[in-house]
Amino acid sequence: MFKRTDNWSELTWQQKRDLRFNKWISGEGIKFVDKEAEKNYQARATRLAQAAKMEIPDRVPCAVPTGWFPAMNAGITLKEAMYNPEKMKWAWLKFVDEYDSDTFDGTILFQAPVSDIMIDKTMKWPGHGLPDNSHSAYQYIEGEYMKADEYDIFMKDPFDFQLRYLLPRTTGIFEPFKDIPSFSSYQGLPQRLMAMSLDPKFQKFLKAIQDAGKQIPALRKADSETTQAAAAKGFPMFRGGLAIAPFDVFADNLRGTQGIFTDMFRQPDKIHEAMEFVLPKLLSGAISMADATDCPVVMMPLHKGDDAFMSDKQFETFYWPTFKRLLLEMIEEGLVPFPVAEGAYNRRLEYISDMPKSGVIWMFDQTDMANAKKTVGRVSCIAGNVPVSLAYTGSVEEMEAYCKKLIETCAPGGGYILSGGTTFDMAKPENLRIMMESAKKYGYYK
């Protein structure tokens, strides 16, 4: 657990970041399997931290976004990985033993047994809407789970909104809550709760909550033990927290694509008000997670800000202002925002270059990396963009040539991490290996 110094408020953001990185690099509290593992852990973590700070590491780091690949590599189905925590642990540690990435990408703690019991209506996954042997891990079922006239209800009392509006629409066992009065008033609360406990609908709800709760300890235990074991073998996880852009809070999870873009024309002020409302909550959540894990890097998957979803004017009006402030406030706390720019950000490069030097790591998917290096790369570490299509279908020779070209384009001067554009769930094993080897073959600084 990261502890702030007594003079924390007097430190620069760079000093705060260094304190956080140093704690992470030290591996304090990790029970390494041997001295060699400890040495390798610290070397990998140092390499990544130096790249993030746009310093010159010994070589270009390689961070493979494995996604669900360890399951395929181990010969188990995605359903088995989702429903059997011990099999998941075994598969992910098998990957750690067989592949030499500079990072451990972490397990994907998708609590399928819990989601089954809760009757999740927002997702499909193997064994729940998708075939057991599906190569697709999960599919999101987008919807307008918050109605156009409910922004004020959400901002007035987010807990009440989730309990009586959102969850009854997205999670089957919460359907009885859509018919009850608000809990905002404490008057008569004990009597109401007693009456609810006698209602068969709520008795069924309580039973489901108990059953779901019994599943969680085994899932969390396997996830925690896997991450600890990977670190003990010398592989740091380059992710200490998670956050998203304020616009995506509503575009992804609440209003959906159609709803949010309708609101941009019909009630733009309401979107701005709601984004301002969630911004401090996103910041506090990111800080809490980074403090708990000791790693200052905060992963930020971005979905609705790319070139295809909105115009430049819409981006600079709706997406960038609150997102930029979130990034700056995270940086001020010594955190390292790691936005994952899914899709293409070719028209966004000048906007996102307006950041303190070395404050952010940008991971690109389908963005022109030469232009990214010339623009964003002047002030931020950049990562990516080995294509999923190449990892899935390309030859070893094609993969090596692509990685070599990326390193030659993006590595000069420091500030580059070789990585994929997005997760490599079904990649060819030989392509992942050659990607890692390419960082060692072509990525050394002279």
# chains A, B, ... in the order shown; residues from 1 in each chain; ligands from 1
call {"tool": "residues_around", "arguments": {"residues": "Ile119 in chain A", "least_positions_apart": "6", "cutoff": "8 Å", "atoms": "only C-alpha atoms", "output": "CSV table (one decimal) with C-alpha atoms, in the first residue's frame"}}
result
chain,number,residue,atom,x,y,z
A,171,THR,CA,-29.3,-7.2,-13.8
A,172,GLY,CA,-32.3,-9.5,-13.5
A,173,ILE,CA,-32.2,-10.1,-9.8
call {"tool": "residues_around", "arguments": {"residues": "range 235-248 of chain A", "least_positions_apart": "2", "cutoff": "7 Å", "atoms": "only C-alpha atoms", "output": "PyMOL selection string"}}
result
chain A and resi 41+45+102-106+230-231+233+250-252+275+278-279+282+286+289-290+293-304+319+322-323
call {"tool": "select_by_dssp", "arguments": {"residues": "range 165-414 of chain A", "states": "strand (DSSP E)", "output": "PyMOL selection string"}}
result
chain A and resi 241-242+297-302+336-341+361-364+381-386
call {"tool": "atom_distance", "arguments": {"atom1": "CA of Pro70 in chain A", "atom2": "CA of Ala137 in chain A"}}
result
12.4 Å
call {"tool": "residues_around", "arguments": {"residues": "Asp368 in chain A", "least_positions_apart": "3", "cutoff": "9 Å", "atoms": "only C-alpha atoms", "output": "NGL selection string"}}
result
:A and (344-346 or 364-365 or 371-373 or 385)
call {"tool": "write_last_selection", "arguments": {"atoms": "N, CA and C atoms", "output": "mmCIF file, in the first residue's frame"}}
result
data_model
loop_
_atom_site.group_PDB
_atom_site.id
_atom_site.type_symbol
_atom_site.label_atom_id
_atom_site.label_comp_id
_atom_site.auth_asym_id
_atom_site.auth_seq_id
_atom_site.Cartn_x
_atom_site.Cartn_y
_atom_site.Cartn_z
ATOM 1 N N ALA A 344 -8.733 4.666 -34.484
ATOM 2 C CA ALA A 344 -7.731 5.580 -35.051
ATOM 3 C C ALA A 344 -7.810 6.945 -34.381
ATOM 4 N N TYR A 345 -6.663 7.472 -34.004
ATOM 5 C CA TYR A 345 -6.566 8.802 -33.396
ATOM 6 C C TYR A 345 -5.712 9.735 -34.262
ATOM 7 N N ASN A 346 -5.732 9.527 -35.585
ATOM 8 C CA ASN A 346 -4.895 10.334 -36.470
ATOM 9 C C ASN A 346 -5.263 11.811 -36.449
ATOM 10 N N PHE A 364 -1.527 3.197 -28.889
ATOM 11 C CA PHE A 364 -2.277 3.394 -30.124
ATOM 12 C C PHE A 364 -2.600 2.065 -30.796
ATOM 13 N N ASP A 365 -3.758 2.054 -31.430
ATOM 14 C CA ASP A 365 -4.285 0.864 -32.088
ATOM 15 C C ASP A 365 -4.088 0.977 -33.599
ATOM 16 N N ASN A 371 3.495 9.536 -37.500
ATOM 17 C CA ASN A 371 2.923 10.833 -37.115
ATOM 18 C C ASN A 371 2.780 10.947 -35.604
ATOM 19 N N ALA A 372 2.431 9.831 -34.962
ATOM 20 C CA ALA A 372 2.310 9.845 -33.496
ATOM 21 C C ALA A 372 3.650 10.183 -32.863
ATOM 22 N N LYS A 373 4.737 9.634 -33.394
ATOM 23 C CA LYS A 373 6.068 9.912 -32.854
ATOM 24 C C LYS A 373 6.423 11.391 -33.032
ATOM 25 N N ASN A 385 1.901 -0.243 -32.245
ATOM 26 C CA ASN A 385 0.550 -0.636 -32.557
ATOM 27 C C ASN A 385 0.559 -1.885 -33.429
#
call {"tool": "residues_around", "arguments": {"residues": "range 355-362 of chain A", "least_positions_apart": "5", "cutoff": "8 Å", "atoms": "only C-alpha atoms", "output": "PyMOL selection string"}}
result
chain A and resi 52-54+327-328+331+336-341+378-383
call {"tool": "write_last_selection", "arguments": {"atoms": "N, CA and C atoms", "output": "CSV table (one decimal), in the first residue's frame"}}
result
chain,number,residue,atom,x,y,z
A,52,ALA,N,8.4,5.1,-19.7
A,52,ALA,CA,7.3,6.0,-19.4
A,52,ALA,C,7.7,7.5,-19.2
A,53,LYS,N,8.9,7.6,-18.6
A,53,LYS,CA,9.4,9.0,-18.2
A,53,LYS,C,10.2,9.6,-19.4
A,54,MET,N,10.2,8.9,-20.5
A,54,MET,CA,10.9,9.3,-21.7
A,54,MET,C,12.4,9.4,-21.5
A,327,LEU,N,-6.8,13.8,-16.9
A,327,LEU,CA,-5.4,13.4,-17.1
A,327,LEU,C,-4.5,14.3,-16.3
A,328,LEU,N,-4.7,15.6,-16.3
A,328,LEU,CA,-3.8,16.6,-15.6
A,328,LEU,C,-3.9,16.4,-14.1
A,331,ILE,N,-2.0,13.2,-13.2
A,331,ILE,CA,-0.5,13.5,-13.3
A,331,ILE,C,-0.1,14.3,-12.0
A,336,VAL,N,0.4,7.9,-13.5
A,336,VAL,CA,0.8,7.8,-14.9
A,336,VAL,C,-0.4,7.4,-15.8
A,337,PRO,N,-1.2,8.3,-16.3
A,337,PRO,CA,-2.3,7.8,-17.1
A,337,PRO,C,-1.8,7.1,-18.4
A,338,PHE,N,-2.5,6.0,-18.7
A,338,PHE,CA,-2.1,5.1,-19.8
A,338,PHE,C,-3.4,4.9,-20.7
A,339,PRO,N,-3.7,6.0,-21.5
A,339,PRO,CA,-4.9,5.9,-22.3
A,339,PRO,C,-4.7,4.9,-23.5
A,340,VAL,N,-5.6,4.0,-23.7
A,340,VAL,CA,-5.6,3.1,-24.8
A,340,VAL,C,-6.5,3.6,-25.9
A,341,ALA,N,-5.9,4.2,-26.9
A,341,ALA,CA,-6.7,4.9,-27.9
A,341,ALA,C,-7.1,3.9,-29.0
A,378,ARG,N,6.7,13.7,-28.9
A,378,ARG,CA,7.6,14.8,-28.5
A,378,ARG,C,7.4,15.0,-27.0
A,379,VAL,N,6.2,14.7,-26.5
A,379,VAL,CA,5.9,15.0,-25.1
A,379,VAL,C,5.5,13.8,-24.2
A,380,SER,N,5.1,12.7,-24.9
A,380,SER,CA,4.6,11.5,-24.2
A,380,SER,C,5.2,10.3,-24.7
A,381,CYS,N,5.4,9.3,-23.8
A,381,CYS,CA,5.8,8.0,-24.2
A,381,CYS,C,4.6,7.4,-25.1
A,382,ILE,N,4.9,6.7,-26.1
A,382,ILE,CA,3.9,6.1,-26.9
A,382,ILE,C,4.1,4.6,-27.0
A,383,ALA,N,3.0,3.8,-27.2
A,383,ALA,CA,3.1,2.4,-27.2
A,383,ALA,C,2.2,1.9,-28.3
call {"tool": "closest_residue", "arguments": {"among": "A:Pro429, A:Gly285, A:Gly27, A:Gly377", "to": "Ala411 in chain A", "atoms": "only C-alpha atoms"}}
result
A:Gly377
call {"tool": "residues_around", "arguments": {"residues": "Phe154 in chain A", "least_positions_apart": "5", "cutoff": "12 Å", "atoms": "only C-alpha atoms", "output": "tab-separated table (two decimals) with N, CA and C atoms, in the first residue's frame"}}
result
chain	number	residue	atom	x	y	z
A	145	TYR	N	-29.50	2.31	-21.12
A	145	TYR	CA	-29.81	1.86	-19.77
A	145	TYR	C	-30.11	3.03	-18.83
A	146	MET	N	-29.74	4.21	-19.25
A	146	MET	CA	-30.21	5.44	-18.60
A	146	MET	C	-31.00	6.22	-19.65
A	147	LYS	N	-32.22	6.61	-19.32
A	147	LYS	CA	-33.08	7.29	-20.28
A	147	LYS	C	-32.65	8.76	-20.44
A	148	ALA	N	-33.11	9.36	-21.52
A	148	ALA	CA	-32.69	10.72	-21.87
A	148	ALA	C	-33.05	11.73	-20.79
A	149	ASP	N	-34.10	11.49	-20.04
A	149	ASP	CA	-34.55	12.47	-19.05
A	149	ASP	C	-34.09	12.12	-17.62
A	159	PHE	N	-26.47	6.50	-6.03
A	159	PHE	CA	-26.80	5.20	-5.44
A	159	PHE	C	-28.26	4.84	-5.70
A	160	ASP	N	-29.14	5.78	-5.45
A	160	ASP	CA	-30.56	5.53	-5.67
A	160	ASP	C	-30.85	5.26	-7.14
A	161	PHE	N	-30.15	6.00	-8.03
A	161	PHE	CA	-30.34	5.78	-9.46
A	161	PHE	C	-29.93	4.36	-9.85
A	162	GLN	N	-28.79	3.93	-9.35
A	162	GLN	CA	-28.34	2.58	-9.70
A	162	GLN	C	-29.30	1.52	-9.14
A	163	LEU	N	-29.74	1.71	-7.90
A	163	LEU	CA	-30.56	0.70	-7.26
A	163	LEU	C	-31.94	0.58	-7.89
A	164	ARG	N	-32.57	1.71	-8.22
A	164	ARG	CA	-33.97	1.66	-8.65
A	164	ARG	C	-34.18	1.86	-10.15
A	165	TYR	N	-33.14	2.28	-10.86
A	165	TYR	CA	-33.29	2.50	-12.30
A	165	TYR	C	-32.33	1.62	-13.11
A	166	LEU	N	-31.03	1.79	-12.86
A	166	LEU	CA	-30.04	1.12	-13.71
A	166	LEU	C	-30.02	-0.39	-13.50
A	250	PHE	N	-20.90	7.82	-19.91
A	250	PHE	CA	-22.28	7.87	-20.39
A	250	PHE	C	-22.43	7.21	-21.75
A	254	LEU	N	-24.19	3.96	-20.06
A	254	LEU	CA	-25.50	4.46	-19.64
A	254	LEU	C	-26.40	4.83	-20.82
A	255	ARG	N	-25.96	5.77	-21.65
A	255	ARG	CA	-26.84	6.21	-22.73
A	255	ARG	C	-26.66	5.40	-24.00
A	270	LYS	N	-26.61	19.21	-20.63
A	270	LYS	CA	-26.80	18.16	-19.64
A	270	LYS	C	-25.62	17.18	-19.64
A	271	ILE	N	-25.06	16.90	-20.82
A	271	ILE	CA	-23.88	16.04	-20.90
A	271	ILE	C	-22.71	16.69	-20.17
A	273	GLU	N	-22.75	18.92	-17.79
A	273	GLU	CA	-23.01	18.94	-16.36
A	273	GLU	C	-22.72	17.56	-15.75
A	274	ALA	N	-23.15	16.52	-16.43
A	274	ALA	CA	-22.96	15.16	-15.91
A	274	ALA	C	-21.48	14.78	-15.92
A	275	MET	N	-20.74	15.18	-16.96
A	275	MET	CA	-19.30	14.88	-17.01
A	275	MET	C	-18.56	15.58	-15.88
A	277	PHE	N	-19.81	16.23	-13.07
A	277	PHE	CA	-20.22	15.53	-11.85
A	277	PHE	C	-19.38	14.28	-11.61
A	278	VAL	N	-19.07	13.52	-12.67
A	278	VAL	CA	-18.35	12.26	-12.47
A	278	VAL	C	-16.84	12.42	-12.43
call {"tool": "select_by_dssp", "arguments": {"residues": "range 133-377 of chain A", "states": "helix (DSSP H, G or I)", "output": "MDAnalysis selection string"}}
result
chainID A and resid 151:156 158:170 172:179 189:198 200:232 246:253 256:266 268:293 312:332 349:352 369:374 376:377
call {"tool": "residues_around", "arguments": {"residues": "Ala427 in chain A", "least_positions_apart": "4", "cutoff": "10 Å", "atoms": "only C-alpha atoms", "output": "ChimeraX atom specification"}}
result
/A:66,68-69,72-73,388-394,423,431-432
call {"tool": "write_last_selection", "arguments": {"atoms": "N, CA and C atoms", "output": "compact mmCIF listing (two decimals), in the first residue's frame"}}
result
# COMPACT_ATOMS: atom_id res chain seq x y z
N THR A 66 -1.94 -9.64 -23.68
CA THR A 66 -2.31 -11.04 -23.93
C THR A 66 -3.80 -11.30 -23.96
N TRP A 68 -7.06 -12.94 -23.50
CA TRP A 68 -7.43 -14.32 -23.17
C TRP A 68 -6.49 -15.35 -23.80
N PHE A 69 -5.39 -14.88 -24.39
CA PHE A 69 -4.47 -15.80 -25.05
C PHE A 69 -3.99 -16.95 -24.14
N MET A 72 -6.14 -20.06 -24.53
CA MET A 72 -5.93 -20.78 -25.78
C MET A 72 -4.59 -21.50 -25.77
N ASN A 73 -3.57 -20.84 -25.24
CA ASN A 73 -2.23 -21.42 -25.19
C ASN A 73 -2.20 -22.69 -24.34
N VAL A 388 -3.72 -6.63 -34.51
CA VAL A 388 -4.29 -7.93 -34.16
C VAL A 388 -4.30 -8.85 -35.37
N SER A 389 -4.64 -8.29 -36.54
CA SER A 389 -4.72 -9.11 -37.75
C SER A 389 -3.37 -9.77 -38.05
N LEU A 390 -2.28 -9.03 -37.81
CA LEU A 390 -0.96 -9.58 -38.05
C LEU A 390 -0.63 -10.67 -37.02
N ALA A 391 -0.99 -10.42 -35.77
CA ALA A 391 -0.73 -11.42 -34.72
C ALA A 391 -1.51 -12.70 -34.96
N TYR A 392 -2.72 -12.57 -35.55
CA TYR A 392 -3.59 -13.73 -35.77
C TYR A 392 -3.22 -14.50 -37.03
N THR A 393 -2.92 -13.78 -38.12
CA THR A 393 -2.82 -14.44 -39.43
C THR A 393 -1.46 -14.27 -40.10
N GLY A 394 -0.62 -13.37 -39.61
CA GLY A 394 0.65 -13.10 -40.27
C GLY A 394 1.68 -14.19 -40.03
N THR A 423 -5.91 -6.39 -27.49
CA THR A 423 -5.54 -7.68 -26.94
C THR A 423 -5.40 -8.77 -28.01
N ASN A 431 4.02 -15.92 -33.16
CA ASN A 431 4.06 -14.48 -33.41
C ASN A 431 4.27 -13.69 -32.12
N LEU A 432 3.72 -14.18 -31.02
CA LEU A 432 3.99 -13.52 -29.74
C LEU A 432 5.46 -13.66 -29.36
